[in-house]
Each structure stands twice: as C-alpha cells, then as structure tokens.
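Participant: Questions regarding the structure given below will be posed in turn.
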Amino acid sequence: MAVTESAVAPVGGEPEGARTGHDDERAPARGECEGARSAQEGILRRQAARESAARTYARALPIVPVRARGLTIEGADGRRYLDCLSGAGTLALGHNHPVVLEAIRKVLDSGAPLHVLDLATPVKDAFTTELFRTLPPGLADRARVQFCGPAGTDAVEAAFKLVRAATGRTGMLAFTGAYHGMTAGALEASGGAGDVRVARLPYPQDYRCPFGVGGAQGAELAARWTESVLDDAKSGVPSPAGMILEPVQGEGGVIPAPDGWLRRMRAITAARSIPLIADEVQTGVGRTGRFWAVEHSGVVPDVMVLSKAIGGSLPLAVVVYRDDLDVWQPGAHAGTFRGNQLAMAAGTATLAYVRENGLAERAATLGARMIAHLRRLTGQFACVGDVRGRGLMIGIEMVNPEADLPAGATGPYPPAPSIATAVQRECLRRGLIVELGGRHAGVVRLLPPLTLTDEQAAAVLDRLTDAIASVAAATARGPGAVRHEAAVNPGRATGG
C-alpha cells in the first residue's frame, strides 16, 4: 500500500522527516520563537474579538495552522501536532496529499472554468464515474446523483425534499443521538432538536442501552419499538416520507449500529414503502473499514447523503438515490455552488486513491488494533468508561467514577464532560489534536487520516494514553484538582 506521509512529530520537536519542504532551514533562534508566539497570540486575540460566538473548534484548539502535510499540522508559533480531527473526518488522505494537490493543479493549469453551475464538464464526468464505481452494487446499477450546495447539511435537506416529493408524505423518522447538520430540517432530525416535527426512534447501543439490556436483545427491542410505532394506528406517527440513519453515530458518541439491526431497519422500511436514507457524510470513503459503512451489514439504502471526504478536502456534497425516486422538477433543489470543479477533481483523486490502495481495508485492520489497545485502558483508569468504534472512527467515553449510582445499579457511571475536556487539553499539550462528542461532550473522538502508519498510530496512542493518565491522576485527587489544572493550563499547547 502506498502511503506518502509517515512522519511522527515528537513532543516539543520537529516531525522527523516531515519539514514539509523546509528541511534546509536553520532552527529558529529564541527571539524568532518568541516573535512567532507573539504573532500567533495576536491572531487568536483578533479572532476572538472579530468572529462570531458560534465558533467551536477554535475555542478548544487555540492554534493557528500555517502548514500541514499528512497527519501533521504546524502552528504559526512553530509547534507541530498530530491531527486526529482531520477536518471532522473530511481529510481521508490527511492534509495536502500529493495526489489531491496534483489533481487541483491540473485543473488550474488547464484553463478550465472554475464555476459552471450544473453544466456538464469533463471534471464532473470523471468524478461521477469514479463515485458510481464505488457505490454498493445494488444502488450503483440504478442510481441518480443530485449535486446540491457544498455542505452535508444541504444534502440532507435535499434528501428530505426528494423523498417527500416522491412519496407525497411529509413526516420523517430519525433516531435518538442523531446528527445530520445545522440547517433547519437537518436539525429537526438530529438528537438535539428543540421544536420536534420528526418521530424519534431508539438507536441501539450497548453501553447506555435505552432499554437497559444492551447487545442483541437491546437491538431487538429497538427494532420492535420501530415496528410498533409504524403499525400502531394510535401511535400518533402517520406513515412517513422516509427514515434517516447514520450507520455509525459520530457526534452522538461514536456508536456503531449493529449490522443485524440495520438489516431489520431495511426490511421494515422496504415492507412499508418507506425510503431509507443513509447519512454517510462522516462514515463514507473508507472511514469505518468498508468504502461505505452500510456495506458492513449488506444493506442497500434507497438514498445516500455524502459530503466531507468525497471533496478531497474541498467543499462538495451530493445525494445519490434510486432512479424511481427521481421526481424532481427542474430547479426543485438548486445551488449556485453545486459545480465546484476543484472539489470534484480533488474528490475523484481521493476516491480513486482510497479504492486502489485498499485504504478501507487498512482502516479496518489498524482501527481494530487501536480499539483493542484503548480498551485495555478501561481496566487501568476508572474514568475510562467505554471504548468503541469501527475502523478509524474511534470513541473513548469518559465517566465520573465518583458519582453516586441509584440503589442496586452497577453502572455505567454518568458521562464526565469535564474529564473529556481535560483529556482533550492534555492531548493538545502533548501535540495531539482530538475531538469531543457524545450526548454530553463526554466522548474523546479519533478521526485520523486513512494514510495513518503503524508508527504514527503508536505515537497517537502513546500521547493519548499519557494524557488520560495525567487526567486520571488529577481526578483521583478530586474534582477540584481537575478544575485547578484547567485554570492554570487553559488549553495552551506546550509540546508538539
């Protein structure tokens, strides 16, 4: 397998062999380092003063990236980090992969138009051909593709409009813990919805099973609940236009759907002529160990919502669906930026590289190894409640082991967002960027690029384990110790 970026950034030093084109530069003097830090701090101050309070990642990751390659990011202050956020799963090949850069340069150098609305172009034709080559066979044989606005949330909106137009119905089925985007319709189908106009169904999980049993029995109960809601004339849920689900809930806390349960959802919806929408925005393009996460279960959905990695790091989103659902009127769902040529070129290169180099299979093997390693931490640190995931989509749920449980209960302990935040901060201090998620932001998430090497994976695990050990020691001294750590080390990285 060809992997082009294998450097590991030691804590507090240069990433060995990956100066990203600057190998001949001398080491910066102390004055230059202080100047770089001052410049970075100035940029961060101006960002805080000028940008919306809606900013998110910038709050937990006070860095100013200026260069990046593969797994490694370099900040304006000269520090280097291993990036296991990967643009929230967007960077399947990591930062600035050579095949992606070459594809972009080729379009730029060709003189081709960069903005073409939805006109046909050779670049779009190549992207669509490669995309169809990767789709599950049962869908690829009769698929249509809708290019929409360049964000996954717009693809979700388009999917909802599509199935409503095709069925003549309006309601939607979604699941607890779901996340489908930030526009109005997508939020209604997400777990944090406030004004609910979507029927909510239980999503099965082992660690915090809604029925208290977990495993196959919990998944069976969840499936029966779905059947009851749909078949009970007094459930209050009329026949819906569609069901949307994530094969692995990402923002919900990295919860893989059981394969058997997914097959039941497919059977339930097919029997009732309800289009099944698979949200593969974060799980797609090899992330979970198959090219598309639905392939683990053999399920062929009626509609797939795709974004993030399909654009090769640039904005792109599409809806792929069965041809008999193609009831759109011209302009029924449009967008000025639905023909991003650079994103399609970068996406074609990414899709082909993942397919040709077996990166999905690599993600399955390496991800299983990393999850097995991390699961050992549940026996070492009481604050590590659960480790789960699929492929290179991994979550570590942090819990409060000092909390009082209800009488007779044996667990799980309540989620501990403050501990998860402390772990994220300690990771950053060690030169490792991780994400938080879950119902209460209590899950530390890893989304490394699929080009991750064994050496890099070991470095990630070492830094993460060290960060958890540090936080666990502070937790053992009491909640005040964790708060004290946060006060004296408010997120500023000292290593990497």
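FYI, nothing fancy with the structure tokens labels: chains A, B, ... in order, residues from 1 per chain, ligands from 1 as they appear.
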Need the shell around Ala112 of chain A: protein/DNA/RNA residues with any atom at most 10 Å away, counting only C-alpha atoms. Skip same-chain ones fewer than 5 positions apart. Format as a VMD selection string?

Facilitator: chain A and resid 106 to 107 121 to 123 341

Participant: Which residues of segment 255-302 of chain A sit at most 9 Å from segment 209-233 of chain A, using only C-alpha atoms? Give each one's shortest atom pair and distance in Å (one decimal place), in chain and ascending residue order, as CSV.

Facilitator:
residue,atom,partner,partner_atom,distance
A:Ala257,CA,A:Ala219,CA,8.8
A:Pro258,CA,A:Ala219,CA,7.2
A:Gly260,CA,A:Ala219,CA,8.1
A:Trp261,CA,A:Ala219,CA,5.9
A:Arg264,CA,A:Ala223,CA,6.8
A:Met265,CA,A:Ala223,CA,7.1
A:Ile268,CA,A:Glu227,CA,7.0
A:Arg272,CA,A:Leu230,CA,8.7

Participant: Could you give me the residues within segment 1-232 of chain A that DSSP places in strand (DSSP E or B), as a count of residues only?

Facilitator: 27

Participant: Which one is closest to Pro136 of chain A: A:Arg388, A:Arg79, A:Lys308, A:His296? Count only C-alpha atoms.

Facilitator: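 Residue with the minimum atom-to-atom distance to Pro136 of chain A: A:His296.
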
Participant: At a cut-off of 8 Å, using only C-alpha atoms, what residues contact Thr365 of chain A? Leave out same-chain residues fewer than 4 positions from it and give the result as an MDAnalysis selection string.

Facilitator: chainID A and resid 289 361 369 391

Participant: With N, CA, C and O atoms retained, could you export that selection as a PDB file, in the first residue's frame?

Facilitator:
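Listing of again29.pdb after writing:
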ATOM      1  N   GLY A 289     -13.861   1.097   7.598  1.00  0.00           N
ATOM      2  CA  GLY A 289     -13.307  -0.198   7.232  1.00  0.00           C
ATOM      3  C   GLY A 289     -13.958  -0.813   6.014  1.00  0.00           C
ATOM      4  O   GLY A 289     -13.526  -1.867   5.539  1.00  0.00           O
ATOM      5  N   GLU A 361      -9.707  -1.261   3.797  1.00  0.00           N
ATOM      6  CA  GLU A 361      -9.257  -2.477   4.474  1.00  0.00           C
ATOM      7  C   GLU A 361      -8.169  -2.162   5.501  1.00  0.00           C
ATOM      8  O   GLU A 361      -8.144  -2.744   6.596  1.00  0.00           O
ATOM      9  N   ARG A 369      -6.964  -2.726  15.766  1.00  0.00           N
ATOM     10  CA  ARG A 369      -5.790  -2.807  16.645  1.00  0.00           C
ATOM     11  C   ARG A 369      -5.775  -1.653  17.651  1.00  0.00           C
ATOM     12  O   ARG A 369      -5.488  -1.838  18.839  1.00  0.00           O
ATOM     13  N   GLY A 391     -13.399   0.785  12.378  1.00  0.00           N
ATOM     14  CA  GLY A 391     -12.335   1.316  11.549  1.00  0.00           C
ATOM     15  C   GLY A 391     -11.616   2.436  12.254  1.00  0.00           C
ATOM     16  O   GLY A 391     -11.338   2.368  13.460  1.00  0.00           O
TER      17      GLY A 391
END

Participant: So which residues touch Ala403 of chain A within 9 Å, counting only C-alpha atoms, skipping near sequence neighbours fewer than 2 positions away, as an NGL selection string?

Facilitator: :A and (399-401 or 405 or 413-414)

Participant: Output C-alpha atoms of each residue in that selection to a file, as an mmCIF file, in the first residue's frame.

Facilitator:
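And here is the file that came out, part00.cif:
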data_model
loop_
_atom_site.group_PDB
_atom_site.id
_atom_site.type_symbol
_atom_site.label_atom_id
_atom_site.label_comp_id
_atom_site.auth_asym_id
_atom_site.auth_seq_id
_atom_site.Cartn_x
_atom_site.Cartn_y
_atom_site.Cartn_z
ATOM 1 C CA VAL A 399 -17.136 8.891 33.057
ATOM 2 C CA ASN A 400 -17.251 10.100 36.631
ATOM 3 C CA PRO A 401 -16.353 7.048 38.780
ATOM 4 C CA LEU A 405 -25.368 5.401 41.330
ATOM 5 C CA TYR A 413 -21.277 5.832 35.595
ATOM 6 C CA PRO A 414 -22.545 9.189 34.356
#

Participant: Between atom CA of Gly138 of chain A and atom CA of Ala345 of chain A, what distance in Å does the model show, to one decimal?

Facilitator: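 So the answer is 25.8 Å.
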
Participant: Do a neighbour search on Thr90 of chain A at 6 Å with only C-alpha atoms, toss out local chain neighbours closer than 3 positions, and write the hits as a PyMOL selection string.

Facilitator: chain A and resi 87+308-309+313

Participant: Between A:Thr129, A:Thr350, A:Ser418, A:Asn340, which is the closest to Val285 of chain A once you count only C-alpha atoms?

Facilitator: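 Nearest candidate to Val285 of chain A out of A:Thr129, A:Thr350, A:Ser418, A:Asn340: A:Thr350.
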
Participant: Can you list, as a PyMOL selection string, every residue of segment 98-212 of chain A that DSSP puts in helix (DSSP H, G or I)?

Facilitator: chain A and resi 98-110+122-134+137-140+152-167+184-188

Participant: Write the residues you've just listed into a file as a short mmCIF file (atom, residue, chain, number, x, y, z; two decimals), in the first residue's frame, and include N, CA and C atoms for each of them.

Facilitator:
data_model
loop_
_atom_site.label_atom_id
_atom_site.label_comp_id
_atom_site.auth_asym_id
_atom_site.auth_seq_id
_atom_site.Cartn_x
_atom_site.Cartn_y
_atom_site.Cartn_z
N PRO A 98 -0.26 14.48 -1.97
CA PRO A 98 0.24 14.79 -3.32
C PRO A 98 -0.76 14.52 -4.44
N VAL A 99 -1.55 13.43 -4.36
CA VAL A 99 -2.48 13.16 -5.45
C VAL A 99 -3.60 14.18 -5.50
N VAL A 100 -3.97 14.72 -4.35
CA VAL A 100 -5.01 15.75 -4.30
C VAL A 100 -4.46 17.06 -4.85
N LEU A 101 -3.26 17.43 -4.42
CA LEU A 101 -2.66 18.67 -4.92
C LEU A 101 -2.44 18.62 -6.42
N GLU A 102 -2.01 17.47 -6.93
CA GLU A 102 -1.78 17.33 -8.36
C GLU A 102 -3.08 17.47 -9.14
N ALA A 103 -4.16 16.89 -8.62
CA ALA A 103 -5.45 16.99 -9.30
C ALA A 103 -5.94 18.44 -9.35
N ILE A 104 -5.74 19.17 -8.27
CA ILE A 104 -6.15 20.58 -8.23
C ILE A 104 -5.30 21.40 -9.20
N ARG A 105 -3.99 21.17 -9.17
CA ARG A 105 -3.10 21.92 -10.07
C ARG A 105 -3.44 21.65 -11.53
N LYS A 106 -3.79 20.43 -11.83
CA LYS A 106 -4.10 20.07 -13.21
C LYS A 106 -5.28 20.89 -13.74
N VAL A 107 -6.31 21.03 -12.91
CA VAL A 107 -7.46 21.84 -13.32
C VAL A 107 -7.07 23.30 -13.44
N LEU A 108 -6.32 23.81 -12.48
CA LEU A 108 -5.92 25.22 -12.52
C LEU A 108 -5.06 25.52 -13.75
N ASP A 109 -4.16 24.61 -14.07
CA ASP A 109 -3.25 24.84 -15.20
C ASP A 109 -3.93 24.63 -16.55
N SER A 110 -5.08 23.96 -16.56
CA SER A 110 -5.73 23.64 -17.83
C SER A 110 -6.49 24.82 -18.43
N PRO A 122 -15.82 17.76 -18.24
CA PRO A 122 -15.02 16.54 -18.11
C PRO A 122 -14.67 16.23 -16.66
N VAL A 123 -14.44 17.27 -15.86
CA VAL A 123 -14.08 17.07 -14.45
C VAL A 123 -15.25 16.44 -13.69
N LYS A 124 -16.45 16.96 -13.92
CA LYS A 124 -17.63 16.39 -13.26
C LYS A 124 -17.89 14.96 -13.75
N ASP A 125 -17.73 14.72 -15.03
CA ASP A 125 -17.95 13.39 -15.57
C ASP A 125 -17.00 12.37 -14.94
N ALA A 126 -15.74 12.77 -14.76
CA ALA A 126 -14.77 11.87 -14.13
C ALA A 126 -15.14 11.60 -12.68
N PHE A 127 -15.59 12.64 -11.97
CA PHE A 127 -15.99 12.45 -10.57
C PHE A 127 -17.17 11.50 -10.46
N THR A 128 -18.19 11.75 -11.26
CA THR A 128 -19.40 10.91 -11.20
C THR A 128 -19.08 9.46 -11.55
N THR A 129 -18.22 9.26 -12.54
CA THR A 129 -17.84 7.91 -12.93
C THR A 129 -17.13 7.19 -11.79
N GLU A 130 -16.19 7.87 -11.14
CA GLU A 130 -15.47 7.26 -10.02
C GLU A 130 -16.40 7.02 -8.84
N LEU A 131 -17.29 7.97 -8.55
CA LEU A 131 -18.23 7.79 -7.45
C LEU A 131 -19.11 6.57 -7.69
N PHE A 132 -19.67 6.43 -8.89
CA PHE A 132 -20.53 5.28 -9.18
C PHE A 132 -19.75 3.98 -9.10
N ARG A 133 -18.45 4.00 -9.40
CA ARG A 133 -17.63 2.80 -9.33
C ARG A 133 -17.54 2.28 -7.89
N THR A 134 -17.67 3.18 -6.91
CA THR A 134 -17.52 2.78 -5.51
C THR A 134 -18.83 2.43 -4.83
N PRO A 137 -23.27 -2.17 -5.17
CA PRO A 137 -23.78 -2.60 -6.49
C PRO A 137 -25.28 -2.47 -6.64
N GLY A 138 -26.04 -2.78 -5.62
CA GLY A 138 -27.48 -2.70 -5.72
C GLY A 138 -28.00 -1.30 -5.94
N LEU A 139 -27.20 -0.31 -5.61
CA LEU A 139 -27.59 1.09 -5.83
C LEU A 139 -26.94 1.64 -7.09
N ALA A 140 -25.70 1.30 -7.33
CA ALA A 140 -24.97 1.85 -8.48
C ALA A 140 -25.65 1.50 -9.79
N GLY A 152 -22.79 19.03 3.83
CA GLY A 152 -23.58 17.85 4.08
C GLY A 152 -24.99 18.16 4.53
N THR A 153 -25.15 19.22 5.30
CA THR A 153 -26.49 19.57 5.78
C THR A 153 -27.43 19.91 4.63
N ASP A 154 -26.92 20.51 3.54
CA ASP A 154 -27.77 20.81 2.39
C ASP A 154 -28.15 19.53 1.66
N ALA A 155 -27.24 18.57 1.65
CA ALA A 155 -27.58 17.27 1.05
C ALA A 155 -28.69 16.58 1.83
N VAL A 156 -28.66 16.73 3.17
CA VAL A 156 -29.74 16.17 3.98
C VAL A 156 -31.06 16.84 3.64
N GLU A 157 -31.04 18.17 3.54
CA GLU A 157 -32.26 18.90 3.17
C GLU A 157 -32.78 18.41 1.81
N ALA A 158 -31.87 18.24 0.86
CA ALA A 158 -32.27 17.77 -0.47
C ALA A 158 -32.88 16.38 -0.39
N ALA A 159 -32.30 15.51 0.43
CA ALA A 159 -32.83 14.15 0.57
C ALA A 159 -34.24 14.17 1.14
N PHE A 160 -34.46 15.02 2.13
CA PHE A 160 -35.80 15.13 2.72
C PHE A 160 -36.81 15.61 1.67
N LYS A 161 -36.44 16.64 0.91
CA LYS A 161 -37.34 17.15 -0.12
C LYS A 161 -37.62 16.09 -1.18
N LEU A 162 -36.59 15.32 -1.51
CA LEU A 162 -36.73 14.30 -2.53
C LEU A 162 -37.76 13.24 -2.12
N VAL A 163 -37.60 12.66 -0.92
CA VAL A 163 -38.49 11.58 -0.52
C VAL A 163 -39.90 12.10 -0.26
N ARG A 164 -40.01 13.34 0.18
CA ARG A 164 -41.35 13.92 0.36
C ARG A 164 -42.04 14.08 -0.99
N ALA A 165 -41.29 14.55 -1.98
CA ALA A 165 -41.86 14.69 -3.32
C ALA A 165 -42.22 13.34 -3.91
N ALA A 166 -41.39 12.33 -3.67
CA ALA A 166 -41.60 11.01 -4.27
C ALA A 166 -42.75 10.25 -3.64
N THR A 167 -42.97 10.45 -2.32
CA THR A 167 -43.99 9.68 -1.61
C THR A 167 -45.29 10.45 -1.41
N ALA A 184 -32.26 24.03 9.21
CA ALA A 184 -33.48 23.80 9.98
C ALA A 184 -33.99 22.35 9.89
N GLY A 185 -34.13 21.83 8.67
CA GLY A 185 -34.65 20.48 8.52
C GLY A 185 -33.71 19.43 9.09
N ALA A 186 -32.40 19.63 8.88
CA ALA A 186 -31.42 18.68 9.40
C ALA A 186 -31.42 18.68 10.93
N LEU A 187 -31.57 19.86 11.53
CA LEU A 187 -31.61 19.94 12.99
C LEU A 187 -32.84 19.25 13.55
N GLU A 188 -33.96 19.35 12.84
CA GLU A 188 -35.17 18.69 13.32
C GLU A 188 -34.99 17.18 13.42
#

Participant: Would you mind telling me which residue in A:Asp118, A:Glu246, A:Asp454, A:Asp466 lies nearest to Ala363 of chain A when using only C-alpha atoms?

Facilitator: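 Between A:Asp118, A:Glu246, A:Asp454, A:Asp466, the residue approaching Ala363 of chain A most closely is A:Asp454.
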
Participant: One decimal, in Å: what's the spacing between atom CA of Leu436 of chain A and atom CA of Met172 of chain A?

Facilitator: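 Between atom CA of Leu436 of chain A and atom CA of Met172 of chain A the gap is 28.0 Å.
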
Participant: Calculate how many Å separate atom CA of Gly177 of chain A from atom CA of Asp386 of chain A, rounding to one decimal.

Facilitator: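 Spanning atom CA of Gly177 of chain A to atom CA of Asp386 of chain A is a straight-line distance of 16.8 Å.
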
Participant: Might you pull out every residue within 10 Å of Gly284 of chain A, with only C-alpha atoms counted and same-chain residues fewer than 5 positions away left off, and present them as an MDAnalysis selection string?

Facilitator: chainID A and resid 89:90 92 247 279 289:294 304:310 360

Participant: Print the selection's residues with N, CA and C atoms to a file, as a PDB file, in the first residue's frame.

Facilitator:
ATOM      1  N   GLY A  89     -13.278  14.602   9.934  1.00  0.00           N
ATOM      2  CA  GLY A  89     -13.426  13.436   9.072  1.00  0.00           C
ATOM      3  C   GLY A  89     -13.356  13.731   7.591  1.00  0.00           C
ATOM      4  N   THR A  90     -13.108  14.983   7.242  1.00  0.00           N
ATOM      5  CA  THR A  90     -13.072  15.386   5.831  1.00  0.00           C
ATOM      6  C   THR A  90     -11.824  14.890   5.119  1.00  0.00           C
ATOM      7  N   ALA A  92      -9.661  12.368   4.288  1.00  0.00           N
ATOM      8  CA  ALA A  92      -9.402  10.927   4.230  1.00  0.00           C
ATOM      9  C   ALA A  92      -7.928  10.629   4.011  1.00  0.00           C
ATOM     10  N   PRO A 247     -25.022   4.940   9.880  1.00  0.00           N
ATOM     11  CA  PRO A 247     -24.517   3.596  10.185  1.00  0.00           C
ATOM     12  C   PRO A 247     -23.605   3.575  11.409  1.00  0.00           C
ATOM     13  N   ASP A 279     -27.116   8.356   6.033  1.00  0.00           N
ATOM     14  CA  ASP A 279     -26.250   9.533   6.149  1.00  0.00           C
ATOM     15  C   ASP A 279     -24.815   9.043   6.282  1.00  0.00           C
ATOM     16  N   GLY A 289     -13.861   1.097   7.598  1.00  0.00           N
ATOM     17  CA  GLY A 289     -13.307  -0.198   7.232  1.00  0.00           C
ATOM     18  C   GLY A 289     -13.958  -0.813   6.014  1.00  0.00           C
ATOM     19  N   ARG A 290     -15.011  -0.215   5.507  1.00  0.00           N
ATOM     20  CA  ARG A 290     -15.583  -0.523   4.201  1.00  0.00           C
ATOM     21  C   ARG A 290     -15.720   0.813   3.479  1.00  0.00           C
ATOM     22  N   PHE A 291     -15.832   0.777   2.152  1.00  0.00           N
ATOM     23  CA  PHE A 291     -15.875   2.061   1.451  1.00  0.00           C
ATOM     24  C   PHE A 291     -17.071   2.881   1.927  1.00  0.00           C
ATOM     25  N   TRP A 292     -18.225   2.218   2.069  1.00  0.00           N
ATOM     26  CA  TRP A 292     -19.401   2.858   2.659  1.00  0.00           C
ATOM     27  C   TRP A 292     -19.819   2.024   3.852  1.00  0.00           C
ATOM     28  N   ALA A 293     -20.180   2.672   4.950  1.00  0.00           N
ATOM     29  CA  ALA A 293     -20.421   1.949   6.199  1.00  0.00           C
ATOM     30  C   ALA A 293     -21.601   0.982   6.101  1.00  0.00           C
ATOM     31  N   VAL A 294     -22.574   1.265   5.214  1.00  0.00           N
ATOM     32  CA  VAL A 294     -23.713   0.345   5.083  1.00  0.00           C
ATOM     33  C   VAL A 294     -23.279  -1.017   4.557  1.00  0.00           C
ATOM     34  N   MET A 304     -28.476   7.861  -0.381  1.00  0.00           N
ATOM     35  CA  MET A 304     -27.252   8.076   0.398  1.00  0.00           C
ATOM     36  C   MET A 304     -26.904   9.551   0.355  1.00  0.00           C
ATOM     37  N   VAL A 305     -26.591  10.107   1.517  1.00  0.00           N
ATOM     38  CA  VAL A 305     -26.184  11.501   1.652  1.00  0.00           C
ATOM     39  C   VAL A 305     -24.676  11.523   1.871  1.00  0.00           C
ATOM     40  N   LEU A 306     -23.950  12.208   0.989  1.00  0.00           N
ATOM     41  CA  LEU A 306     -22.487  12.160   1.002  1.00  0.00           C
ATOM     42  C   LEU A 306     -21.895  13.571   1.010  1.00  0.00           C
ATOM     43  N   SER A 307     -20.828  13.737   1.772  1.00  0.00           N
ATOM     44  CA  SER A 307     -20.085  15.002   1.780  1.00  0.00           C
ATOM     45  C   SER A 307     -18.726  14.721   2.408  1.00  0.00           C
ATOM     46  N   LYS A 308     -18.129  15.714   3.037  1.00  0.00           N
ATOM     47  CA  LYS A 308     -16.819  15.613   3.690  1.00  0.00           C
ATOM     48  C   LYS A 308     -15.758  15.013   2.761  1.00  0.00           C
ATOM     49  N   ALA A 309     -15.368  13.747   2.970  1.00  0.00           N
ATOM     50  CA  ALA A 309     -14.220  13.175   2.268  1.00  0.00           C
ATOM     51  C   ALA A 309     -14.396  13.107   0.765  1.00  0.00           C
ATOM     52  N   ILE A 310     -15.635  13.129   0.251  1.00  0.00           N
ATOM     53  CA  ILE A 310     -15.800  12.997  -1.200  1.00  0.00           C
ATOM     54  C   ILE A 310     -15.261  14.203  -1.958  1.00  0.00           C
ATOM     55  N   ALA A 360      -9.595   1.361   2.823  1.00  0.00           N
ATOM     56  CA  ALA A 360     -10.698   0.943   3.689  1.00  0.00           C
ATOM     57  C   ALA A 360     -10.302  -0.303   4.477  1.00  0.00           C
TER      58      ALA A 360
END

Participant: Could you list, as a VMD selection string, every residue within 10 Å of Ala334 of chain A, counting only C-alpha atoms and ignoring same-chain residues fewer than 4 positions away?

Facilitator: chain A and resid 117 to 118 146 to 149 158 330 338

Participant: Compare A:Pro301, A:Gly253, A:Pro65, A:Gly35 by their minimum atom-to-atom distance to Arg445 of chain A, counting only C-alpha atoms, and give me the closest one.

Facilitator: A:Gly253
